[in-house]
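Take a look at the structure below.
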4 protein chains.
Amino acid sequence: MSDRLPRKVCVVLVDRANYGRLKPVMRAIDRHPDLELQVVCAGTTVLERFDLPVRRVREDGFRVDGEVYLELEGSTPVTMAKSVGFGVVEFANEFQRLKPDLVLLIGDRYEALAAAIAAAYMNLCIVHIQGGEVSGSIDESARHCITKLAHFHCPSTRRSAEYIIRMGERPDTILSIGCPSSDIARELDVALDPEIVNSRGSGAWVDVAQPYLLVIYHPTTTEYGGERKQMDELLEALAELATPTVLLWPNIDAGSDHVSKAVRVFRDRAKPTWLRTLINLAPEDYLRVLANAACAIGNSSSFVRDASYFGTPVVLVGGRQDGRETDEHVVRVPPARARIVDATLKQLQHGRYAPSTLYGDGHVSERIAEALARLDPYVQKRLHYVHDGGESSGARLQCAYLAS
Amino acid sequence: MSDRLPRKVCVVLVDRANYGRLKPVMRAIDRHPDLELQVVCAGTTVLERFDLPVRRVREDGFRVDGEVYLELEGSTPVTMAKSVGFGVVEFANEFQRLKPDLVLLIGDRYEALAAAIAAAYMNLCIVHIQGGEVSGSIDESARHCITKLAHFHCPSTRRSAEYIIRMGERPDTILSIGCPSSDIARELDVALDPEIVNSRGSGAWVDVAQPYLLVIYHPTTTEYGGERKQMDELLEALAELATPTVLLWPNIDAGSDHVSKAVRVFRDRAKPTWLRTLINLAPEDYLRVLANAACAIGNSSSFVRDASYFGTPVVLVGGRQDGRETDEHVVRVPPARARIVDATLKQLQHGRYAPSTLYGDGHVSERIAEALARLDPYVQKRLHYVHDGGESSGARLQCAYLAS
Amino acid sequence: MSDRLPRKVCVVLVDRANYGRLKPVMRAIDRHPDLELQVVCAGTTVLERFDLPVRRVREDGFRVDGEVYLELEGSTPVTMAKSVGFGVVEFANEFQRLKPDLVLLIGDRYEALAAAIAAAYMNLCIVHIQGGEVSGSIDESARHCITKLAHFHCPSTRRSAEYIIRMGERPDTILSIGCPSSDIARELDVALDPEIVNSRGSGAWVDVAQPYLLVIYHPTTTEYGGERKQMDELLEALAELATPTVLLWPNIDAGSDHVSKAVRVFRDRAKPTWLRTLINLAPEDYLRVLANAACAIGNSSSFVRDASYFGTPVVLVGGRQDGRETDEHVVRVPPARARIVDATLKQLQHGRYAPSTLYGDGHVSERIAEALARLDPYVQKRLHYVHDGGESSGARLQCAYLAS
Amino acid sequence: MSDRLPRKVCVVLVDRANYGRLKPVMRAIDRHPDLELQVVCAGTTVLERFDLPVRRVREDGFRVDGEVYLELEGSTPVTMAKSVGFGVVEFANEFQRLKPDLVLLIGDRYEALAAAIAAAYMNLCIVHIQGGEVSGSIDESARHCITKLAHFHCPSTRRSAEYIIRMGERPDTILSIGCPSSDIARELDVALDPEIVNSRGSGAWVDVAQPYLLVIYHPTTTEYGGERKQMDELLEALAELATPTVLLWPNIDAGSDHVSKAVRVFRDRAKPTWLRTLINLAPEDYLRVLANAACAIGNSSSFVRDASYFGTPVVLVGGRQDGRETDEHVVRVPPARARIVDATLKQLQHGRYAPSTLYGDGHVSERIAEALARLDPYVQKRLHYVHDGGESSGARLQCAYLAS
């Protein structure tokens, strides 16, 4: 491979969580002699309101090749739809300029779907991380859409890999299994400097040496209009628990303005002495806060995925993660005050769980980078069922990697 | 159902072919007491350059509720990608205004994908016709994307239905099987008035009482850059055959300008006395021209689908329909002059085939309309595999309709 | 005029200030027998982050015919430019749907420019309020652009009317002189219920019976990058004054995120006991707060315009209003702490000024409505200089209204 | 100036005519030691349907830094409006990437307005060529809008310069007078190879040694809906004249599809033996065809401007150039068959006129390039009237250049 130009891999980051998971992959691509890293920061990573996660990417030493503003203000279903459309236009511009050999996407957000559509119609070869998972919200549909547009897949779990193949993808397009966020978790020194939490954001000072709660609650877009009531229930539950709490503001999905408003109104009225609100944390710092939390409450997918690495107890609230593979550290409750309080008290009583490798063994990024260097790009996809002998054999795992 | 408002079904038409297939469904919806028809004409249906198919829709007595201009000029992969993005924005506007209960889409074009994305992010319930088929071009990916966004499915064949379920859709969301274009074909008086072909377009007068060829050649977007050479081969083959030929200009996909240019250059240089070019035909007239052709040559999906109803011999050129279910009337050849000539001569010698019901029995539209009235709309999708007992039982056909 | 359909006048509102000025015009249109009011709410009026000014429009009894989301998040020069572009597309949709006879715009914001462009290219007749004024920021250019697209003009002052004519507009297209905000001011009971200020927003309780400051500071987009430093100077000045202060958050122009951040950081660090921050006020309530302020500090155009009606002392900070006609109640200072403090102390010492009618006599709305009903719409504009006898006679005021 | 980086000048080309005029300016910039040329090709220059004028730019040795697709298909007032919006977004992307020191625009097309808006909101310094002219169509408004956004001006005539100043621009921002197209005309060998006309396009072979007509008819957007009838009149006039005719297809303005359709229908029905249609010509070739024509008929601004250099007789049809300064070679008629025929016969009888320098002396480009190198860029504009002593002195020409 030394006799040709390195393969250009364009990594698309659309929010702080994306970066938290892709950072080790970006490092591995950067170090690989046969790969050249391109970074496009989009979505909320370039917004002041989200504390400019793109700045962190640069501070970590990465060159950012493009910044894509695509979020139409409003956080309603209509503006979310239009942001997808706008994103397709803007990503098309970036890809035309950067001419990548591979486009590397992660997850299920609408910004990632926009990038996938632009790349697919431009005949670019797409690699997708975290396909095949199951959840609620519109993310569920977007994730499988991206799978149907992607040419290669790096799912996080064996079940996800199997589901991708059952959906008609070629078994040999599964490049690896495991979420790269496990790599960060494996190497992380989880010791938490109290300044990380208390030197930014606003509200009460939180003593991280004592038990504290971590709360993230995003809207479930398919239940648009219900999020204010849900968040009010959650806030009432927190008021009843009255335990020191670190709350991160929600993402930008339709309904997020209502969630944020619930927090602001609650804060102004109840003047809680136990609540600190934060906009953004560096990837490692976020994991430290998660690792040290006595309990995580809400509906972030990181409570399912990353919390498992540390065994942090989780109270998963509402339908946003329905269908998602979870380990024993997770308890599911509806968004009802009493149910949240009960489940949290039980989790606090139980304490930490044993760490899990359900979502990755901590050695994922190198495998992905190596696969990116070796794979044979192609453009024309075709539902793999047409190559089946019979009807269901396609659902059998046939890729060499899985057999190992 | 009489005690409530009729259910608003928004039918999206994006090209002349869409209308040719959806017209009987639109009629059936219009007549159904529990349904209210909304029609949005988009894509090339509103373009003068494509002879304004929307005019035909109005002439047939339908009210057109919205006209959506979304085609960015250029017919390159980049402009096609951006047209998707622009389309999402514009369909979002239309849906916000029309507030349909159901959005009814057909096929696999990028304009339909744009409508599907807008509808999905706006929590609208989507019904998709012609899912589960397999082909080449980017349409292959777009079609399955739409399936993953759609809440209900009306596939055209049993295999398509099975594939949709294998992709993880709930078996009970398959509403019917069969393409509604079969309904038109069944009822059609195929007698062809020569004026239909000769009163519009330009070029030679074609005597439809004598054997003539019908040619449609669209670009295969995943082979962008190759379409000019392919079309030149096809035109040379036609020159060698020198048989009266009706050629329809290509669609608007990336590369279509190159296909059109090949035709214009050929026409100016070779001054063929056997060639007539047409922009657009009414749905029934198109079927008459297809039904009476001695052979259809090219890569239109209607050569696979609609030609089967009439047993018209077809020479399917290139990769655009690879993987598509075909009947015995179809011969596949690569886009090479000699191969096209040979196959056409053989088909002309063979003559008509027996009609087929592979793509529908001619009684599809009423079934679709009835299902639209009865179905129970929902918003949150979920990959059906999570409800499997085992791993592959989800791939079994379980819907009542299929069992009959 | 009774024998024909009422003339449809589409009023475009793009921020809270627009509504504060257009409300009496909307009332007058609504009441006029020959006019039919259409209302399109756009820009920040539909954003939760700006407290949904559209809600107030509805509460006041107006029907809102369209909501236009056009703000691309980021508040940088690039996103502001793109928001104009996006706005043109979205206003084109609204105008296509509403088919107004006249489009009524006010001011100089980029959202209004977007509406003007859409309307002009769609051959709609445009009436513009507040043309011919002079200021800093990009608004200066946008305002004159709108003048060059508008078919009729309702300037606020005699100088503005003269300037519009000197720019080459036909003298007979000046419909009236005076700002409609003077109408509200004239009729307003300025008694200020302390709840208006203290029942919303956050921060200190402000005793409105005692002297208080009103502060609004928007970014000057042509000085993008300098706004953070400017706002820091202003906040330091306020800290030195330590007088009870009502601060309204800035608009959405490029740089506003930096202004907001300066406030948030100042608030978190200095924990001022004299500062209350508000997002939004009803038009009349805003005027009451302005009328009762001991001094208004910042760069809102309302400090020039509306403060003059009440004689409220103003310290105008920075270049945003350079060139604007002001009355004696205004003192101009650069954005420097010491200068702001000095000027404010002098204004507080001076106390209220005599009310002025520079920007209107309080009887403007009826004149505008009447002119809208009577004017003769046209489409093709032409630089009026070509009709001059000589070179400069076009600069003479020739409209009947001005002669009076 | 040798101790700093060359000043980056971004030249925006939006159609074939733009290039025909800017080519000598681009050459002069390219050669200037203190300037660096950037070229963005947009609008119809990148469209296959317009024969890809961008290809010619590259063949002439220029590097093209960006290609902007912004034309939404449809050629209606709504799609034209939306193309402006789309163009603003796309130009913003290009300018963000290219970071020019100056943006150089020409003329009055909507694509140029889009570029001007993007540049202005991004605080870029704009230089505008051909401001201050007067015409019909929406171009009239767009031209003056661009003037109000531009920071420097290079008008083509003394009257235009005067009008720009009267509109409130600073006299010292007038950089030069004269249209750069005069430079090409001055140096051009007008000998016309018949192959230039006959080796492309379609229709009759035209003997350029004999008298022939040149016809260009664009829609007047402010008369949208009337263009089909107007073009039919013109075609009937041509049929009556039955003189060898070279017709260029219209631009892409709203209504152009109707003009094109009129030509296609006429061609198919009347099968004229005297008509040749062309899509595009190289700038010099176009001028040769214009210079050698016995009469030019239609409404292209080049019939006013470029034809004057050669003294080609012109019949100016309809309102599109109303108000434009013309020389004696131009006769104006309404779009009525008989009037066109009469005027053309008179012009043919009259024969060539004396060449004119109304629009330039043929030494313009070097002056512009030199001014670009020397000017002092600024961002904040301000209506110059505020600096007047009195009311009309601003309308006096005060710039040094004009005094010479």
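Identifiers for the structure tokens are assigned positionally: chains receive A, B, ... in sequence, residues are indexed from 1 per chain, and ligands are indexed from 1 in the order shown.
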Q.
as a PyMOL selection string, could you give me every residue of chain B near chain C (at most 12 Å apart, counting only C-alpha atoms)?
A. chain B and resi 65-70+86-87+89-94+96-98
Just-selected residues, N, CA and C atoms written as a PDB file, in the first residue's frame:
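What ended up in result_28.pdb:
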```pdb
ATOM      1  N   ASP B  65     -52.901  20.321  -4.734  1.00  0.00           N
ATOM      2  CA  ASP B  65     -52.841  21.148  -3.525  1.00  0.00           C
ATOM      3  C   ASP B  65     -51.515  21.853  -3.340  1.00  0.00           C
ATOM      4  N   GLY B  66     -50.493  21.368  -4.023  1.00  0.00           N
ATOM      5  CA  GLY B  66     -49.205  22.022  -3.877  1.00  0.00           C
ATOM      6  C   GLY B  66     -48.289  21.678  -5.035  1.00  0.00           C
ATOM      7  N   GLU B  67     -47.477  22.652  -5.443  1.00  0.00           N
ATOM      8  CA  GLU B  67     -46.464  22.406  -6.466  1.00  0.00           C
ATOM      9  C   GLU B  67     -45.112  22.679  -5.834  1.00  0.00           C
ATOM     10  N   VAL B  68     -44.231  21.708  -5.899  1.00  0.00           N
ATOM     11  CA  VAL B  68     -42.935  21.817  -5.240  1.00  0.00           C
ATOM     12  C   VAL B  68     -41.819  21.806  -6.278  1.00  0.00           C
ATOM     13  N   TYR B  69     -41.100  22.907  -6.351  1.00  0.00           N
ATOM     14  CA  TYR B  69     -39.929  23.000  -7.222  1.00  0.00           C
ATOM     15  C   TYR B  69     -38.714  22.642  -6.390  1.00  0.00           C
ATOM     16  N   LEU B  70     -38.033  21.609  -6.734  1.00  0.00           N
ATOM     17  CA  LEU B  70     -36.901  21.207  -5.899  1.00  0.00           C
ATOM     18  C   LEU B  70     -35.670  20.839  -6.698  1.00  0.00           C
ATOM     19  N   PHE B  86     -32.842  20.263  -0.709  1.00  0.00           N
ATOM     20  CA  PHE B  86     -33.828  21.297  -0.988  1.00  0.00           C
ATOM     21  C   PHE B  86     -35.236  20.721  -0.918  1.00  0.00           C
ATOM     22  N   GLY B  87     -35.378  19.522  -1.422  1.00  0.00           N
ATOM     23  CA  GLY B  87     -36.685  18.864  -1.397  1.00  0.00           C
ATOM     24  C   GLY B  87     -37.187  18.638   0.016  1.00  0.00           C
ATOM     25  N   VAL B  89     -36.640  20.445   2.614  1.00  0.00           N
ATOM     26  CA  VAL B  89     -37.123  21.742   3.100  1.00  0.00           C
ATOM     27  C   VAL B  89     -38.501  22.060   2.514  1.00  0.00           C
ATOM     28  N   GLU B  90     -38.630  21.855   1.226  1.00  0.00           N
ATOM     29  CA  GLU B  90     -39.871  22.234   0.556  1.00  0.00           C
ATOM     30  C   GLU B  90     -41.036  21.309   0.908  1.00  0.00           C
ATOM     31  N   PHE B  91     -40.767  20.021   1.009  1.00  0.00           N
ATOM     32  CA  PHE B  91     -41.849  19.120   1.422  1.00  0.00           C
ATOM     33  C   PHE B  91     -42.273  19.415   2.864  1.00  0.00           C
ATOM     34  N   ALA B  92     -41.304  19.779   3.700  1.00  0.00           N
ATOM     35  CA  ALA B  92     -41.659  20.132   5.081  1.00  0.00           C
ATOM     36  C   ALA B  92     -42.668  21.278   5.082  1.00  0.00           C
ATOM     37  N   ASN B  93     -42.445  22.260   4.216  1.00  0.00           N
ATOM     38  CA  ASN B  93     -43.397  23.357   4.106  1.00  0.00           C
ATOM     39  C   ASN B  93     -44.782  22.873   3.694  1.00  0.00           C
ATOM     40  N   GLU B  94     -44.799  22.020   2.667  1.00  0.00           N
ATOM     41  CA  GLU B  94     -46.099  21.539   2.173  1.00  0.00           C
ATOM     42  C   GLU B  94     -46.840  20.743   3.237  1.00  0.00           C
ATOM     43  N   GLN B  96     -46.479  20.882   6.447  1.00  0.00           N
ATOM     44  CA  GLN B  96     -46.903  21.753   7.547  1.00  0.00           C
ATOM     45  C   GLN B  96     -48.224  22.433   7.198  1.00  0.00           C
ATOM     46  N   ARG B  97     -48.352  22.768   5.950  1.00  0.00           N
ATOM     47  CA  ARG B  97     -49.536  23.477   5.481  1.00  0.00           C
ATOM     48  C   ARG B  97     -50.724  22.542   5.332  1.00  0.00           C
ATOM     49  N   LEU B  98     -50.484  21.339   4.772  1.00  0.00           N
ATOM     50  CA  LEU B  98     -51.583  20.434   4.433  1.00  0.00           C
ATOM     51  C   LEU B  98     -51.982  19.535   5.601  1.00  0.00           C
TER      52      LEU B  98
END
```
Q: With a distance cut-off of 8 Å and only C-alpha atoms, select the neighbouring residues of A:Arg332, excluding the residue or stretch itself and same-chain residues fewer than 6 positions from it, and output the selection as a ChimeraX atom specification.
A: /A:315-318
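For the pair atom CA of B:Val364 and atom CA of B:Val197, the interatomic distance is 28.8 Å.
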(Q) Please extract the residues of stretch 59-202 of chain B with a backbone DSSP assignment of alpha helix (DSSP H) and present them as a ChimeraX atom specification. (A) /B:59,77-98,110-121,139-149,158-166,181-187,194-198
Q: Within 12 Å of B:Asp268, counting only C-alpha atoms, which residues show up once you throw out same-chain ones fewer than 3 positions away? Write them as a PyMOL selection string, please.
A: (chain B and resi 203+261-265+271-273+275) or (chain D and resi 198-204)
Mind writing the picked residues with N, CA and C atoms as a PDB file, in the first residue's frame?
```pdb
ATOM      1  N   GLY B 203     -39.017  14.943 -35.055  1.00  0.00           N
ATOM      2  CA  GLY B 203     -38.341  13.862 -35.763  1.00  0.00           C
ATOM      3  C   GLY B 203     -39.266  13.192 -36.760  1.00  0.00           C
ATOM      4  N   LYS B 261     -27.511  14.899 -24.395  1.00  0.00           N
ATOM      5  CA  LYS B 261     -26.577  15.468 -25.348  1.00  0.00           C
ATOM      6  C   LYS B 261     -26.178  14.426 -26.400  1.00  0.00           C
ATOM      7  N   ALA B 262     -25.994  13.182 -25.959  1.00  0.00           N
ATOM      8  CA  ALA B 262     -25.673  12.115 -26.912  1.00  0.00           C
ATOM      9  C   ALA B 262     -26.762  12.026 -27.980  1.00  0.00           C
ATOM     10  N   VAL B 263     -28.013  12.132 -27.540  1.00  0.00           N
ATOM     11  CA  VAL B 263     -29.125  12.048 -28.500  1.00  0.00           C
ATOM     12  C   VAL B 263     -29.105  13.249 -29.447  1.00  0.00           C
ATOM     13  N   ARG B 264     -28.934  14.444 -28.878  1.00  0.00           N
ATOM     14  CA  ARG B 264     -28.953  15.637 -29.725  1.00  0.00           C
ATOM     15  C   ARG B 264     -27.812  15.622 -30.746  1.00  0.00           C
ATOM     16  N   VAL B 265     -26.635  15.257 -30.291  1.00  0.00           N
ATOM     17  CA  VAL B 265     -25.490  15.201 -31.193  1.00  0.00           C
ATOM     18  C   VAL B 265     -25.723  14.146 -32.288  1.00  0.00           C
ATOM     19  N   LYS B 271     -28.725  12.535 -38.665  1.00  0.00           N
ATOM     20  CA  LYS B 271     -30.018  12.881 -39.243  1.00  0.00           C
ATOM     21  C   LYS B 271     -30.856  11.637 -39.535  1.00  0.00           C
ATOM     22  N   PRO B 272     -31.168  10.859 -38.491  1.00  0.00           N
ATOM     23  CA  PRO B 272     -31.873   9.581 -38.708  1.00  0.00           C
ATOM     24  C   PRO B 272     -33.310   9.811 -39.196  1.00  0.00           C
ATOM     25  N   THR B 273     -33.712   9.033 -40.155  1.00  0.00           N
ATOM     26  CA  THR B 273     -35.072   9.162 -40.704  1.00  0.00           C
ATOM     27  C   THR B 273     -36.055   8.245 -39.986  1.00  0.00           C
ATOM     28  N   LEU B 275     -36.179   8.051 -36.466  1.00  0.00           N
ATOM     29  CA  LEU B 275     -36.216   8.385 -35.034  1.00  0.00           C
ATOM     30  C   LEU B 275     -37.199   9.499 -34.712  1.00  0.00           C
TER      31      LEU B 275
ATOM     32  N   ASN D 198     -21.677  27.908 -37.843  1.00  0.00           N
ATOM     33  CA  ASN D 198     -22.299  26.718 -38.444  1.00  0.00           C
ATOM     34  C   ASN D 198     -21.809  25.384 -37.905  1.00  0.00           C
ATOM     35  N   SER D 199     -20.750  25.408 -37.079  1.00  0.00           N
ATOM     36  CA  SER D 199     -20.230  24.124 -36.605  1.00  0.00           C
ATOM     37  C   SER D 199     -20.903  23.692 -35.310  1.00  0.00           C
ATOM     38  N   ARG D 200     -21.757  24.500 -34.780  1.00  0.00           N
ATOM     39  CA  ARG D 200     -22.470  24.113 -33.551  1.00  0.00           C
ATOM     40  C   ARG D 200     -23.942  24.524 -33.679  1.00  0.00           C
ATOM     41  N   GLY D 201     -24.715  24.182 -32.662  1.00  0.00           N
ATOM     42  CA  GLY D 201     -26.127  24.528 -32.720  1.00  0.00           C
ATOM     43  C   GLY D 201     -26.852  23.677 -33.740  1.00  0.00           C
ATOM     44  N   SER D 202     -28.044  24.122 -34.142  1.00  0.00           N
ATOM     45  CA  SER D 202     -28.770  23.335 -35.133  1.00  0.00           C
ATOM     46  C   SER D 202     -29.570  24.261 -36.027  1.00  0.00           C
ATOM     47  N   GLY D 203     -30.045  23.731 -37.150  1.00  0.00           N
ATOM     48  CA  GLY D 203     -30.841  24.526 -38.080  1.00  0.00           C
ATOM     49  C   GLY D 203     -30.085  24.787 -39.371  1.00  0.00           C
ATOM     50  N   ALA D 204     -30.494  25.853 -40.054  1.00  0.00           N
ATOM     51  CA  ALA D 204     -29.966  26.167 -41.387  1.00  0.00           C
ATOM     52  C   ALA D 204     -28.492  26.586 -41.330  1.00  0.00           C
TER      53      ALA D 204
END
```
Q | Residues flagged strand (DSSP E or B) by DSSP in stretch 293-366 of chain B, as a ChimeraX atom specification | A | /B:295-298,314-317,330-333
Residues of the last selection are to be written out with all heavy atoms, as an mmCIF file, in the first residue's frame.
```cif
data_model
loop_
_atom_site.group_PDB
_atom_site.id
_atom_site.type_symbol
_atom_site.label_atom_id
_atom_site.label_comp_id
_atom_site.auth_asym_id
_atom_site.auth_seq_id
_atom_site.Cartn_x
_atom_site.Cartn_y
_atom_site.Cartn_z
ATOM 1 N N CYS B 295 -40.561 -4.073 -29.714
ATOM 2 C CA CYS B 295 -39.554 -4.357 -28.689
ATOM 3 C C CYS B 295 -39.257 -3.069 -27.947
ATOM 4 O O CYS B 295 -39.215 -1.993 -28.548
ATOM 5 C CB CYS B 295 -38.277 -4.909 -29.328
ATOM 6 S SG CYS B 295 -36.999 -5.382 -28.133
ATOM 7 N N ALA B 296 -39.066 -3.180 -26.630
ATOM 8 C CA ALA B 296 -38.660 -2.025 -25.827
ATOM 9 C C ALA B 296 -37.199 -2.204 -25.449
ATOM 10 O O ALA B 296 -36.798 -3.287 -25.015
ATOM 11 C CB ALA B 296 -39.530 -1.906 -24.580
ATOM 12 N N ILE B 297 -36.414 -1.132 -25.645
ATOM 13 C CA ILE B 297 -34.979 -1.220 -25.405
ATOM 14 C C ILE B 297 -34.562 -0.117 -24.436
ATOM 15 O O ILE B 297 -34.939 1.041 -24.617
ATOM 16 C CB ILE B 297 -34.185 -1.043 -26.724
ATOM 17 C CG1 ILE B 297 -34.744 -1.966 -27.809
ATOM 18 C CG2 ILE B 297 -32.696 -1.297 -26.512
ATOM 19 C CD1 ILE B 297 -34.097 -1.768 -29.170
ATOM 20 N N GLY B 298 -33.790 -0.474 -23.434
ATOM 21 C CA GLY B 298 -33.298 0.535 -22.510
ATOM 22 C C GLY B 298 -33.278 0.022 -21.095
ATOM 23 O O GLY B 298 -33.035 -1.166 -20.858
ATOM 24 N N VAL B 314 -38.552 -7.194 -24.334
ATOM 25 C CA VAL B 314 -37.701 -6.135 -23.791
ATOM 26 C C VAL B 314 -36.232 -6.529 -23.879
ATOM 27 O O VAL B 314 -35.875 -7.666 -23.563
ATOM 28 C CB VAL B 314 -38.072 -5.844 -22.317
ATOM 29 C CG1 VAL B 314 -37.004 -4.978 -21.649
ATOM 30 C CG2 VAL B 314 -39.444 -5.196 -22.232
ATOM 31 N N VAL B 315 -35.413 -5.575 -24.320
ATOM 32 C CA VAL B 315 -33.967 -5.716 -24.194
ATOM 33 C C VAL B 315 -33.526 -4.730 -23.106
ATOM 34 O O VAL B 315 -33.560 -3.518 -23.298
ATOM 35 C CB VAL B 315 -33.247 -5.416 -25.528
ATOM 36 C CG1 VAL B 315 -31.732 -5.453 -25.325
ATOM 37 C CG2 VAL B 315 -33.680 -6.405 -26.595
ATOM 38 N N LEU B 316 -33.166 -5.293 -21.959
ATOM 39 C CA LEU B 316 -32.813 -4.481 -20.800
ATOM 40 C C LEU B 316 -31.311 -4.227 -20.847
ATOM 41 O O LEU B 316 -30.507 -5.144 -20.764
ATOM 42 C CB LEU B 316 -33.207 -5.239 -19.526
ATOM 43 C CG LEU B 316 -33.479 -4.439 -18.260
ATOM 44 C CD1 LEU B 316 -34.570 -3.402 -18.462
ATOM 45 C CD2 LEU B 316 -33.875 -5.387 -17.133
ATOM 46 N N VAL B 317 -30.941 -2.943 -20.969
ATOM 47 C CA VAL B 317 -29.550 -2.594 -21.236
ATOM 48 C C VAL B 317 -28.861 -2.048 -19.982
ATOM 49 O O VAL B 317 -29.354 -1.106 -19.357
ATOM 50 C CB VAL B 317 -29.477 -1.542 -22.367
ATOM 51 C CG1 VAL B 317 -28.027 -1.186 -22.676
ATOM 52 C CG2 VAL B 317 -30.197 -2.038 -23.607
ATOM 53 N N VAL B 330 -38.067 -10.438 -20.730
ATOM 54 C CA VAL B 330 -36.894 -9.571 -20.606
ATOM 55 C C VAL B 330 -35.599 -10.317 -20.923
ATOM 56 O O VAL B 330 -35.360 -11.393 -20.378
ATOM 57 C CB VAL B 330 -36.808 -8.978 -19.183
ATOM 58 C CG1 VAL B 330 -35.464 -8.276 -18.967
ATOM 59 C CG2 VAL B 330 -37.960 -8.030 -18.923
ATOM 60 N N VAL B 331 -34.769 -9.726 -21.799
ATOM 61 C CA VAL B 331 -33.416 -10.212 -22.042
ATOM 62 C C VAL B 331 -32.446 -9.129 -21.575
ATOM 63 O O VAL B 331 -32.642 -7.954 -21.890
ATOM 64 C CB VAL B 331 -33.193 -10.493 -23.541
ATOM 65 C CG1 VAL B 331 -31.731 -10.848 -23.823
ATOM 66 C CG2 VAL B 331 -34.118 -11.597 -24.009
ATOM 67 N N ARG B 332 -31.451 -9.501 -20.805
ATOM 68 C CA ARG B 332 -30.494 -8.519 -20.286
ATOM 69 C C ARG B 332 -29.228 -8.500 -21.134
ATOM 70 O O ARG B 332 -28.670 -9.544 -21.451
ATOM 71 C CB ARG B 332 -30.085 -8.861 -18.849
ATOM 72 C CG ARG B 332 -31.186 -8.720 -17.827
ATOM 73 C CD ARG B 332 -30.698 -9.177 -16.450
ATOM 74 N NE ARG B 332 -31.769 -9.141 -15.459
ATOM 75 C CZ ARG B 332 -32.121 -8.056 -14.790
ATOM 76 N NH1 ARG B 332 -31.482 -6.926 -14.999
ATOM 77 N NH2 ARG B 332 -33.110 -8.092 -13.919
ATOM 78 N N VAL B 333 -28.756 -7.311 -21.455
ATOM 79 C CA VAL B 333 -27.478 -7.172 -22.163
ATOM 80 C C VAL B 333 -26.683 -6.016 -21.577
ATOM 81 O O VAL B 333 -27.263 -5.081 -21.027
ATOM 82 C CB VAL B 333 -27.670 -6.902 -23.684
ATOM 83 C CG1 VAL B 333 -28.329 -8.079 -24.381
ATOM 84 C CG2 VAL B 333 -28.456 -5.614 -23.905
#
```
Q) Do you know which residues are at most 7 Å from C:Ser176 counting only C-alpha atoms, after dropping those on the same chain fewer than 5 positions away, and could you put them as a list of chain:residue names? A) C:Cys154, C:Pro155, C:Arg367, C:Ile368, C:Tyr401
The selected residues should be written to file as a CSV table (one decimal), in the first residue's frame (atoms: C-alpha atoms).
```
chain,number,residue,atom,x,y,z
C,154,CYS,CA,-43.7,55.4,4.6
C,155,PRO,CA,-40.6,57.0,6.1
C,367,ARG,CA,-52.7,57.6,7.3
C,368,ILE,CA,-50.8,54.5,6.3
C,401,TYR,CA,-48.2,65.2,1.4
```
(Q) Report as JSON, numbers by chain all protein, DNA and RNA residues lying within 10 Å of C:Val208, evaluated on only C-alpha atoms, omitting residues in the same chain fewer than 6 positions from it. (A) {"C": [192, 193, 194, 195, 196, 197, 198, 244, 245, 246, 289, 292, 293, 294]}
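Residues with any atom within 9 Å of C:Gly131, counting only C-alpha atoms and excluding same-chain neighbours fewer than 5 positions away, are Ile106, Gly107, Asp108, Arg143, His144, Ile146, Thr147, His153, Cys154, Pro155, Ser156, Ser160, Ala161, Tyr163 and Ile164 of chain C.
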